[in-house]
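The next block is structure34.csv, given as CSV, C-alpha atoms.
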chain,number,residue,atom,x,y,z
A,244,MET,CA,60.4,124.6,-5.9
A,245,GLU,CA,57.0,126.0,-4.8
A,246,PRO,CA,54.1,124.5,-6.8
A,247,ILE,CA,52.2,126.7,-9.3
A,248,LYS,CA,48.7,127.3,-8.0
A,249,ILE,CA,45.9,126.5,-10.4
A,250,ASP,CA,42.3,127.4,-9.7
A,251,GLY,CA,40.2,124.4,-10.8
A,252,GLU,CA,37.1,126.7,-11.3
A,253,GLN,CA,38.7,128.4,-14.2
A,254,GLY,CA,37.3,127.8,-17.7
A,255,GLU,CA,35.2,124.7,-18.0
A,256,GLY,CA,35.9,123.9,-14.3
A,257,GLY,CA,36.1,120.1,-14.8
A,258,GLY,CA,38.5,117.3,-15.7
A,259,GLN,CA,40.2,119.3,-18.5
A,260,ILE,CA,42.1,121.6,-16.2
A,261,ILE,CA,43.5,118.6,-14.3
A,262,ARG,CA,44.6,116.8,-17.5
A,263,SER,CA,46.3,119.9,-18.9
A,264,ALA,CA,48.0,120.9,-15.6
A,265,VAL,CA,49.6,117.6,-14.8
A,266,THR,CA,50.6,117.1,-18.4
A,267,LEU,CA,52.5,120.4,-18.5
A,268,SER,CA,53.9,119.8,-15.0
A,269,ALA,CA,55.4,116.5,-16.1
A,270,ILE,CA,56.9,118.1,-19.3
A,271,THR,CA,58.3,121.2,-17.7
A,272,GLY,CA,59.3,119.7,-14.3
A,273,LYS,CA,57.3,122.4,-12.5
A,274,PRO,CA,55.1,121.2,-9.6
A,275,VAL,CA,51.4,122.2,-9.6
A,276,ASP,CA,48.8,122.7,-6.9
A,277,ILE,CA,45.3,122.4,-8.3
A,278,GLU,CA,42.5,123.7,-6.0
A,279,ASN,CA,38.7,123.8,-6.2
A,280,ILE,CA,38.6,120.7,-8.4
A,281,ARG,CA,35.2,120.3,-10.0
A,282,LYS,CA,33.8,122.6,-7.3
A,283,ASN,CA,30.5,123.4,-9.0
A,284,ARG,CA,29.7,119.9,-10.3
A,285,LYS,CA,26.9,117.9,-8.9
A,286,ILE,CA,29.5,115.6,-7.3
A,287,PRO,CA,32.5,117.8,-6.6
A,288,GLY,CA,36.1,116.6,-6.6
A,289,LEU,CA,38.0,113.9,-8.5
A,290,ARG,CA,36.0,111.0,-9.9
A,291,PRO,CA,37.4,107.6,-10.7
A,292,GLN,CA,37.8,108.4,-14.4
A,293,HIS,CA,40.2,111.2,-13.5
A,294,LEU,CA,42.5,109.1,-11.3
A,295,LEU,CA,44.1,106.6,-13.6
A,296,GLY,CA,45.7,109.1,-16.1
A,297,VAL,CA,47.3,110.9,-13.2
A,298,LYS,CA,48.5,107.6,-11.7
A,299,ILE,CA,50.1,106.4,-14.9
A,300,LEU,CA,51.8,109.8,-15.5
A,301,ALA,CA,53.1,109.7,-11.9
A,302,LYS,CA,54.7,106.4,-12.6
A,303,ILE,CA,56.3,107.6,-15.8
A,304,CYS,CA,57.8,110.8,-14.3
A,305,GLN,CA,58.3,109.4,-10.8
A,306,ALA,CA,56.1,112.0,-9.3
A,307,ARG,CA,55.0,112.5,-5.7
A,308,VAL,CA,51.3,113.1,-5.7
A,309,GLU,CA,49.1,114.4,-2.8
A,310,GLY,CA,45.3,114.3,-2.9
A,311,LEU,CA,44.9,111.6,-5.5
A,312,TYR,CA,41.7,109.9,-4.3
A,313,VAL,CA,38.0,110.0,-5.2
A,314,ASN,CA,36.2,113.2,-4.2
A,315,SER,CA,39.4,115.1,-3.5
A,316,THR,CA,39.1,118.8,-4.4
A,317,SER,CA,42.8,119.5,-4.4
A,318,LEU,CA,45.8,117.8,-6.0
A,319,LYS,CA,49.5,118.4,-5.7
A,320,PHE,CA,51.8,117.0,-8.4
A,321,PHE,CA,55.6,117.0,-8.0
A,322,PRO,CA,57.3,115.5,-11.1
A,323,SER,CA,60.8,114.1,-11.3
A,324,GLN,CA,62.8,112.4,-14.1
A,325,GLY,CA,60.9,110.5,-16.8
A,326,LEU,CA,61.2,106.7,-17.4
A,327,ASN,CA,60.8,104.5,-20.5
A,328,LEU,CA,58.1,102.0,-19.5
A,329,ASP,CA,55.9,99.1,-20.7
A,330,LEU,CA,52.6,99.2,-18.8
A,331,GLN,CA,49.4,97.2,-18.6
A,332,GLU,CA,46.5,99.1,-17.0
A,333,ASP,CA,42.8,98.6,-16.4
A,334,ILE,CA,40.4,101.6,-15.8
A,335,GLY,CA,38.0,99.1,-14.2
A,336,THR,CA,35.0,101.0,-15.7
A,337,ALA,CA,33.9,102.4,-19.1
A,338,GLY,CA,36.1,105.4,-18.3
A,339,SER,CA,37.5,107.0,-21.4
A,340,ILE,CA,40.8,105.7,-22.8
A,341,PRO,CA,41.0,108.6,-25.3
A,342,LEU,CA,41.0,111.1,-22.4
A,343,ILE,CA,43.8,109.3,-20.6
A,344,LEU,CA,45.8,109.2,-23.9
A,345,GLN,CA,45.3,113.0,-24.1
A,346,VAL,CA,47.4,113.2,-20.9
A,347,LEU,CA,50.0,110.6,-21.7
A,348,ILE,CA,50.8,111.3,-25.4
A,349,PRO,CA,52.2,114.8,-25.2
A,350,ALA,CA,53.6,114.3,-21.7
A,351,VAL,CA,55.6,111.2,-22.6
A,352,SER,CA,56.8,112.4,-26.0
A,353,LEU,CA,57.8,115.9,-24.8
A,354,MET,CA,59.7,114.4,-21.8
A,355,LYS,CA,61.6,112.6,-24.6
A,356,ASN,CA,60.6,109.2,-23.2
A,357,SER,CA,58.8,106.2,-24.7
A,358,LEU,CA,55.9,104.3,-23.5
A,359,LYS,CA,54.3,101.0,-24.5
A,360,LEU,CA,50.8,100.9,-23.0
A,361,SER,CA,48.1,98.2,-23.0
A,362,ILE,CA,44.9,99.6,-21.4
A,363,ILE,CA,41.4,98.3,-20.8
A,364,GLY,CA,38.4,100.7,-20.5
A,365,GLY,CA,36.0,102.7,-22.7
A,366,THR,CA,36.9,103.4,-26.3
A,367,ASP,CA,33.7,105.1,-27.4
A,368,VAL,CA,31.8,106.7,-24.5
A,369,PRO,CA,29.8,109.9,-23.8
A,370,TRP,CA,31.6,113.2,-23.1
A,371,SER,CA,34.8,112.0,-24.8
A,372,PRO,CA,36.4,111.8,-28.2
A,373,THR,CA,36.0,108.4,-29.8
A,374,PHE,CA,39.0,106.1,-30.2
A,375,ASP,CA,38.8,106.6,-34.0
A,376,TYR,CA,39.1,110.4,-33.5
A,377,THR,CA,42.3,109.8,-31.6
A,378,LYS,CA,43.6,107.4,-34.2
A,379,TYR,CA,42.8,109.4,-37.3
A,380,VAL,CA,42.6,113.0,-36.3
A,381,LEU,CA,44.7,113.6,-33.2
A,382,THR,CA,47.5,111.4,-34.6
A,383,GLU,CA,47.7,113.5,-37.8
A,384,ALA,CA,47.7,116.8,-36.0
A,385,LEU,CA,50.3,115.9,-33.4
A,386,SER,CA,52.6,114.3,-36.0
A,387,ARG,CA,52.8,117.7,-37.8
A,388,ILE,CA,54.0,119.2,-34.5
A,389,GLY,CA,56.6,116.4,-34.0
A,390,ILE,CA,54.8,114.2,-31.6
A,391,ASN,CA,54.4,110.6,-32.9
A,392,PHE,CA,52.4,107.7,-31.6
A,393,THR,CA,50.6,104.6,-32.8
A,394,SER,CA,47.4,103.3,-31.3
A,395,GLU,CA,45.5,100.1,-32.2
A,396,ILE,CA,42.2,98.8,-31.0
A,397,LYS,CA,42.0,95.2,-30.0
A,398,ARG,CA,38.4,95.3,-28.7
A,399,ARG,CA,35.8,98.0,-28.6
A,400,GLY,CA,34.5,99.2,-25.2
A,401,TYR,CA,31.1,100.9,-25.2
A,402,TYR,CA,29.3,102.5,-22.2
A,403,PRO,CA,28.3,101.2,-19.6
A,404,LYS,CA,30.4,97.9,-19.5
A,405,GLY,CA,33.6,99.2,-21.1
A,406,GLY,CA,36.0,96.3,-21.5
A,407,GLY,CA,37.7,97.8,-24.6
A,408,LEU,CA,41.4,97.1,-25.2
A,409,VAL,CA,43.8,99.5,-26.8
A,410,GLU,CA,47.5,99.2,-27.3
A,411,THR,CA,49.5,102.4,-27.7
A,412,GLN,CA,53.2,103.2,-28.3
A,413,ILE,CA,54.5,106.7,-27.8
A,414,GLN,CA,57.8,107.9,-29.2
A,415,PRO,CA,60.1,110.6,-27.8
A,416,CYS,CA,59.9,113.9,-29.6
A,417,ASN,CA,63.0,115.0,-31.5
A,418,CYS,CA,61.9,118.4,-32.7
A,419,LEU,CA,58.8,120.6,-32.2
A,420,ASN,CA,57.4,122.4,-35.2
A,421,PRO,CA,55.0,125.3,-35.3
A,422,ILE,CA,51.8,124.9,-37.3
A,423,SER,CA,49.5,126.9,-39.5
A,424,LEU,CA,46.0,125.4,-40.0
A,425,VAL,CA,43.7,128.1,-41.2
A,426,GLU,CA,41.3,126.8,-43.9
A,427,ARG,CA,40.0,123.5,-45.3
A,428,LYS,CA,40.5,123.2,-49.0
A,429,THR,CA,40.0,119.5,-49.7
A,430,ILE,CA,36.8,118.1,-51.0
A,431,SER,CA,37.6,114.6,-50.0
A,432,ALA,CA,36.3,113.1,-46.7
A,433,LYS,CA,36.5,109.7,-45.0
A,434,ILE,CA,33.6,108.1,-43.1
A,435,PHE,CA,34.5,105.4,-40.6
A,436,CYS,CA,31.8,103.5,-38.7
A,437,SER,CA,32.2,100.7,-36.2
A,438,TYR,CA,29.3,98.9,-34.6
A,439,SER,CA,28.5,96.0,-32.3
A,440,HIS,CA,25.3,94.0,-31.5
A,441,ILE,CA,23.1,96.1,-33.7
A,442,PRO,CA,21.7,95.3,-37.2
A,443,LYS,CA,24.1,96.2,-39.9
A,444,GLU,CA,21.4,97.8,-42.0
A,445,ILE,CA,20.7,100.4,-39.3
A,446,ALA,CA,24.4,101.4,-39.2
A,447,GLU,CA,24.4,101.5,-43.0
A,448,LYS,CA,21.4,103.8,-43.1
A,449,GLU,CA,23.1,106.3,-40.9
A,450,ILE,CA,26.2,106.2,-43.1
A,451,GLN,CA,24.1,106.8,-46.2
A,452,ASN,CA,22.4,109.8,-44.6
A,453,ALA,CA,25.8,111.2,-43.8
A,454,LYS,CA,27.1,110.6,-47.3
A,455,ILE,CA,24.1,112.3,-48.8
A,456,ILE,CA,24.7,115.5,-46.7
A,457,LEU,CA,28.4,115.5,-47.6
A,458,GLY,CA,27.6,115.0,-51.3
A,459,LYS,CA,25.2,117.9,-51.3
A,460,ASN,CA,28.0,120.0,-49.9
A,461,GLY,CA,30.5,119.0,-52.6
A,462,PHE,CA,32.5,116.2,-50.8
A,463,ASN,CA,33.7,113.0,-52.2
A,464,CYS,CA,33.4,110.2,-49.6
A,465,GLU,CA,35.4,107.1,-48.8
A,466,ILE,CA,33.4,104.8,-46.5
A,467,SER,CA,34.4,102.0,-44.2
A,468,ILE,CA,31.9,100.1,-42.0
A,469,LYS,CA,33.1,97.5,-39.6
A,470,GLU,CA,31.4,95.1,-37.2
A,471,GLU,CA,33.6,94.7,-34.1
A,472,ASN,CA,33.6,92.7,-30.9
A,473,ALA,CA,32.4,94.4,-27.7
A,474,LEU,CA,30.7,93.6,-24.5
A,475,ASP,CA,27.9,96.1,-25.1
A,476,LYS,CA,25.9,97.1,-28.1
A,477,GLY,CA,27.2,100.3,-29.6
A,478,CYS,CA,28.1,102.3,-32.7
A,479,SER,CA,30.5,105.2,-33.4
A,480,ILE,CA,30.8,107.3,-36.5
A,481,LEU,CA,33.8,109.5,-37.5
A,482,ILE,CA,34.0,111.8,-40.5
A,483,PHE,CA,37.4,113.4,-41.1
A,484,SER,CA,39.6,115.1,-43.6
A,485,HIS,CA,43.3,116.3,-43.9
A,486,ASP,CA,45.0,118.7,-46.2
A,487,LYS,CA,48.0,121.0,-46.0
A,488,SER,CA,46.1,123.7,-44.1
A,489,SER,CA,43.5,121.8,-42.1
A,490,VAL,CA,43.0,118.7,-39.9
A,491,ILE,CA,39.3,118.2,-39.1
A,492,GLY,CA,37.2,115.5,-37.5
A,493,SER,CA,33.6,115.1,-36.4
A,494,ASP,CA,32.4,112.1,-34.4
A,495,GLY,CA,29.4,110.7,-32.5
A,496,ILE,CA,28.3,107.6,-30.7
A,497,TYR,CA,25.1,105.5,-30.4
A,498,GLN,CA,23.3,106.2,-27.1
A,499,LYS,CA,19.6,105.7,-26.8
A,500,SER,CA,19.0,105.6,-30.6
A,501,LEU,CA,21.0,105.6,-33.8
A,502,SER,CA,18.4,107.7,-35.6
A,503,GLY,CA,19.9,111.0,-36.7
A,504,LEU,CA,23.5,110.1,-35.7
A,505,GLY,CA,24.9,110.1,-39.3
A,506,GLU,CA,23.1,113.4,-40.1
A,507,SER,CA,24.4,115.1,-36.9
A,508,VAL,CA,28.0,114.0,-37.4
A,509,ALA,CA,27.9,115.1,-41.1
A,510,LYS,CA,26.5,118.6,-40.2
A,511,LYS,CA,29.2,119.2,-37.6
A,512,PHE,CA,31.8,118.2,-40.1
A,513,ILE,CA,30.5,120.6,-42.8
A,514,GLU,CA,30.3,123.5,-40.3
A,515,SER,CA,34.0,122.9,-39.4
A,516,ASN,CA,35.3,124.5,-42.6
A,517,LEU,CA,38.3,126.4,-41.1
A,518,GLY,CA,41.7,124.9,-40.0
A,519,VAL,CA,40.7,122.7,-37.0
A,520,ASP,CA,37.5,121.4,-35.4
A,521,LEU,CA,36.3,122.5,-31.9
A,522,TYR,CA,37.8,119.5,-30.1
A,523,LEU,CA,41.3,119.6,-31.7
A,524,SER,CA,41.5,123.4,-31.0
A,525,ASP,CA,42.0,122.7,-27.3
A,526,MET,CA,44.2,119.6,-27.7
A,527,LEU,CA,46.8,121.6,-29.6
A,528,VAL,CA,47.4,124.1,-26.9
A,529,VAL,CA,49.8,122.1,-24.6
A,530,PRO,CA,52.4,121.3,-27.2
A,531,LEU,CA,52.2,124.6,-29.0
A,532,SER,CA,52.8,126.5,-25.7
A,533,LEU,CA,56.3,125.0,-25.7
A,534,ILE,CA,57.4,126.1,-29.1
A,535,LYS,CA,59.3,129.4,-29.6
A,536,GLU,CA,57.8,130.2,-33.0
A,537,THR,CA,54.2,131.4,-33.3
A,538,SER,CA,51.6,128.8,-34.3
A,539,VAL,CA,48.2,129.9,-35.8
A,540,TYR,CA,45.0,128.1,-36.3
A,541,ARG,CA,41.4,129.0,-37.1
A,542,VAL,CA,38.3,127.5,-35.5
A,543,LYS,CA,34.5,128.3,-35.6
A,544,GLN,CA,34.1,128.8,-31.9
A,545,ILE,CA,36.1,129.4,-28.7
A,546,THR,CA,35.1,126.6,-26.4
A,547,LYS,CA,35.4,126.5,-22.6
A,548,HIS,CA,37.9,123.7,-23.0
A,549,LEU,CA,40.1,125.9,-25.2
A,550,GLU,CA,39.8,128.8,-22.8
A,551,THR,CA,40.8,126.4,-20.0
A,552,ASN,CA,43.9,125.1,-21.8
A,553,LEU,CA,45.1,128.6,-22.8
A,554,PHE,CA,44.8,129.7,-19.1
A,555,VAL,CA,46.7,126.7,-17.8
A,556,ALA,CA,49.4,126.8,-20.4
A,557,SER,CA,50.1,130.5,-19.9
A,558,LYS,CA,50.2,130.0,-16.2
A,559,ILE,CA,52.7,127.1,-16.3
A,560,THR,CA,54.8,127.8,-19.4
A,561,GLY,CA,54.5,131.6,-19.7
A,562,CYS,CA,53.4,131.3,-23.3
A,563,LYS,CA,51.7,134.2,-25.0
A,564,TYR,CA,48.4,133.8,-26.9
A,565,GLY,CA,45.9,135.9,-28.7
A,566,ILE,CA,42.4,135.4,-30.1
A,567,GLY,CA,41.1,137.4,-33.0
A,568,LYS,CA,37.5,137.5,-34.3
A,569,LEU,CA,37.0,136.7,-38.0
A,570,ASP,CA,33.9,137.0,-40.1
A,571,ASP,CA,33.3,133.2,-39.9
A,572,GLY,CA,35.1,132.2,-36.7
A,573,PHE,CA,38.2,132.9,-34.7
A,574,GLU,CA,42.0,132.9,-35.1
A,575,VAL,CA,44.2,131.6,-32.3
A,576,ARG,CA,47.9,132.5,-32.1
A,577,ILE,CA,50.2,130.9,-29.6
A,578,SER,CA,53.9,131.7,-28.9
A,579,GLY,CA,55.9,129.6,-26.4
A,580,VAL,CA,58.7,131.0,-24.3
A,581,SER,CA,61.2,128.2,-25.1
A,582,ASP,CA,61.3,124.7,-26.7
A,583,THR,CA,61.1,121.8,-24.3
Using the file provided, produce a representation of the structure as structure tokens.
Amino acid sequence: MEPIKIDGEQGEGGGQIIRSAVTLSAITGKPVDIENIRKNRKIPGLRPQHLLGVKILAKICQARVEGLYVNSTSLKFFPSQGLNLDLQEDIGTAGSIPLILQVLIPAVSLMKNSLKLSIIGGTDVPWSPTFDYTKYVLTEALSRIGINFTSEIKRRGYYPKGGGLVETQIQPCNCLNPISLVERKTISAKIFCSYSHIPKEIAEKEIQNAKIILGKNGFNCEISIKEENALDKGCSILIFSHDKSSVIGSDGIYQKSLSGLGESVAKKFIESNLGVDLYLSDMLVVPLSLIKETSVYRVKQITKHLETNLFVASKITGCKYGIGKLDDGFEVRISGVSDT
């Protein structure tokens, strides 16, 4: 079978297009040829943080891979039959564990395989969802589709040293279900904060700032603050809510200063008042593109990552999608050609 050609300059033009293409390739069994990888970035081509997810997936689906090296601007991925595996991996840097799990979770489950994975790297790092977002938001959303996994943190890994340890178990999917997530109706929210090597009172102040903002907007809050072991100092905050017609999360991490972190995360959460948040909107595309029935969700903005995933999914699976403008956001509809 000739590989499907994917232009890596499409959409956000970065790592997202690689993750989505190889995930769908593994699930569908269709080989892909990705060109112009990160062509317009300051350092073009594959970076170390992009490699491990593809390497692990290649092990699982016994894929032949061409171009899998640092700075490569093209990648060919030829999948084969999936395996049930128990793996131990080390990114070797503070590379994002949540971004690697974005590749592995739907791919393994929808190939109807299982995976037990212990992985060392970054759990809460820049330009990535936090581990807690993966555990409390992505887990909930994917479970409604029929994709189930558990993920437990054994040690936090902040930038730049990393060293975080996560254990994940992914189960085979038995049945895919369409979803409808259009409007948040709950007034209950949970705030989860983890921190390491910073004064507790500083973290508590940020959480109180977040609680005040949520309270002014009518939300009842359940708060959890936990000091955790890590090599570097750091802090992450997640605010999330679930109800029948919405799954929404907002997160942020300590970088140069904690000042304003709680307020920033709370304001993003308040703004996400439709069915899903901006980050979840693109993570849902891969599984939904494989379901015959139409799924619908509403989001405040159409991001480049969402555009990228819709482009890749339609190219590989042949799914149909539409985006409609609302008074306060957008509605996304996705219809797959056939169930996996």
Selected residue of minimal separation from Leu531 of chain A among A:Ser500, A:Ser431, A:Asn420, A:Thr551, counting all atoms listed in the file: A:Asn420
Could you give me, as JSON lines, a per-residue list for segment 417-493 of chain A showing, wherever an atom lies at most 8 Å from an atom of segment 538-541 of chain A, the closest pair of atoms and their distance in Å to one decimal, using only C-alpha atoms and sorting by chain then residue number from low to high?
{"residue": "A:Pro421", "atom": "CA", "partner": "A:Ser538", "partner_atom": "CA", "distance": 5.0}
{"residue": "A:Ile422", "atom": "CA", "partner": "A:Ser538", "partner_atom": "CA", "distance": 4.9}
{"residue": "A:Ser423", "atom": "CA", "partner": "A:Val539", "partner_atom": "CA", "distance": 4.9}
{"residue": "A:Leu424", "atom": "CA", "partner": "A:Tyr540", "partner_atom": "CA", "distance": 4.7}
{"residue": "A:Val425", "atom": "CA", "partner": "A:Arg541", "partner_atom": "CA", "distance": 4.8}
{"residue": "A:Glu426", "atom": "CA", "partner": "A:Arg541", "partner_atom": "CA", "distance": 7.1}
9 Å contact set for Ile466 of chain A, only C-alpha atoms, chain neighbours under 3 positions out, as a list in words: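 These residues fall inside the cut-off: Ala432, Lys433, Ile434, Phe435, Cys436, Ile450 and Lys454 of chain A.
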Atomic distance atom CA of Glu447 of chain A - atom CA of Ile468 of chain A, expressed in Å with one decimal: 7.7 Å
Residue nearest Lys355 of chain A among A:Thr377, A:Ala269, A:Asp329, A:Pro369 (counting only C-alpha atoms):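 Using only C-alpha atoms, the shortest distance to Lys355 of chain A belongs to A:Ala269.
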Selected residue, from A:Gln412, A:Glu255, A:Gly518, A:Val528, that lies nearest to Arg284 of chain A when counting all atoms listed in the file: A:Glu255
Residue list as a VMD selection string for point (45.0, 127.9, -6.1), cut-off 6 Å, all atoms listed in the file: chain A and resid 248 to 250 277 to 278
Coordinates-based distance that separates atom CA of Thr411 of chain A from atom CA of Ile534 of chain A (Å, one decimal):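 The value is 25.0 Å.
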Radius query 7 Å about (53.2, 104.8, -27.1), atoms used: all atoms listed in the file, as a ChimeraX atom specification: /A:357-360,392-393,411-414
Spatial neighbours of segment 475-491 of chain A, 8 Å, only C-alpha atoms, chain gap at least 3 places, as a PyMOL selection string: chain A and resi 367+373+375-376+379-380+383-384+400-405+423-429+431-441+446+494-498+501+504-505+508-509+512+515+517-520+523
Segment 316-327 of chain A surroundings by only C-alpha atoms, 10 Å radius, close-in-sequence under 4 positions cut, as a VMD selection string: chain A and resid 244 to 251 261 264 to 265 268 to 282 287 to 289 297 300 to 312 350 to 351 354 to 359 413 to 415
Atom-to-atom span, atom CA of Ile286 of chain A and atom CA of Ser371 of chain A, Å: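 Straight-line distance from atom CA of Ile286 of chain A to atom CA of Ser371 of chain A works out to 18.6 Å.
Residue nearest Lys378 of chain A, chosen from A:Lys510, A:Ile260, A:Gly338, A:Thr366 and counting only C-alpha atoms: A:Thr366.
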Distance query Ser263 of chain A at most 9 Å, only C-alpha atoms, self and fewer than 4 positions along chain excluded, as a VMD selection string: chain A and resid 258 to 259 267 to 268 345 to 346 529 551 to 552 555 to 556
Pick from A:Ser507, A:Cys416, A:Gly364, A:Phe462 nearest to Arg387 of chain A, counting all atoms listed in the file: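 Using all atoms listed in the file, Arg387 of chain A sits closest to A:Cys416.
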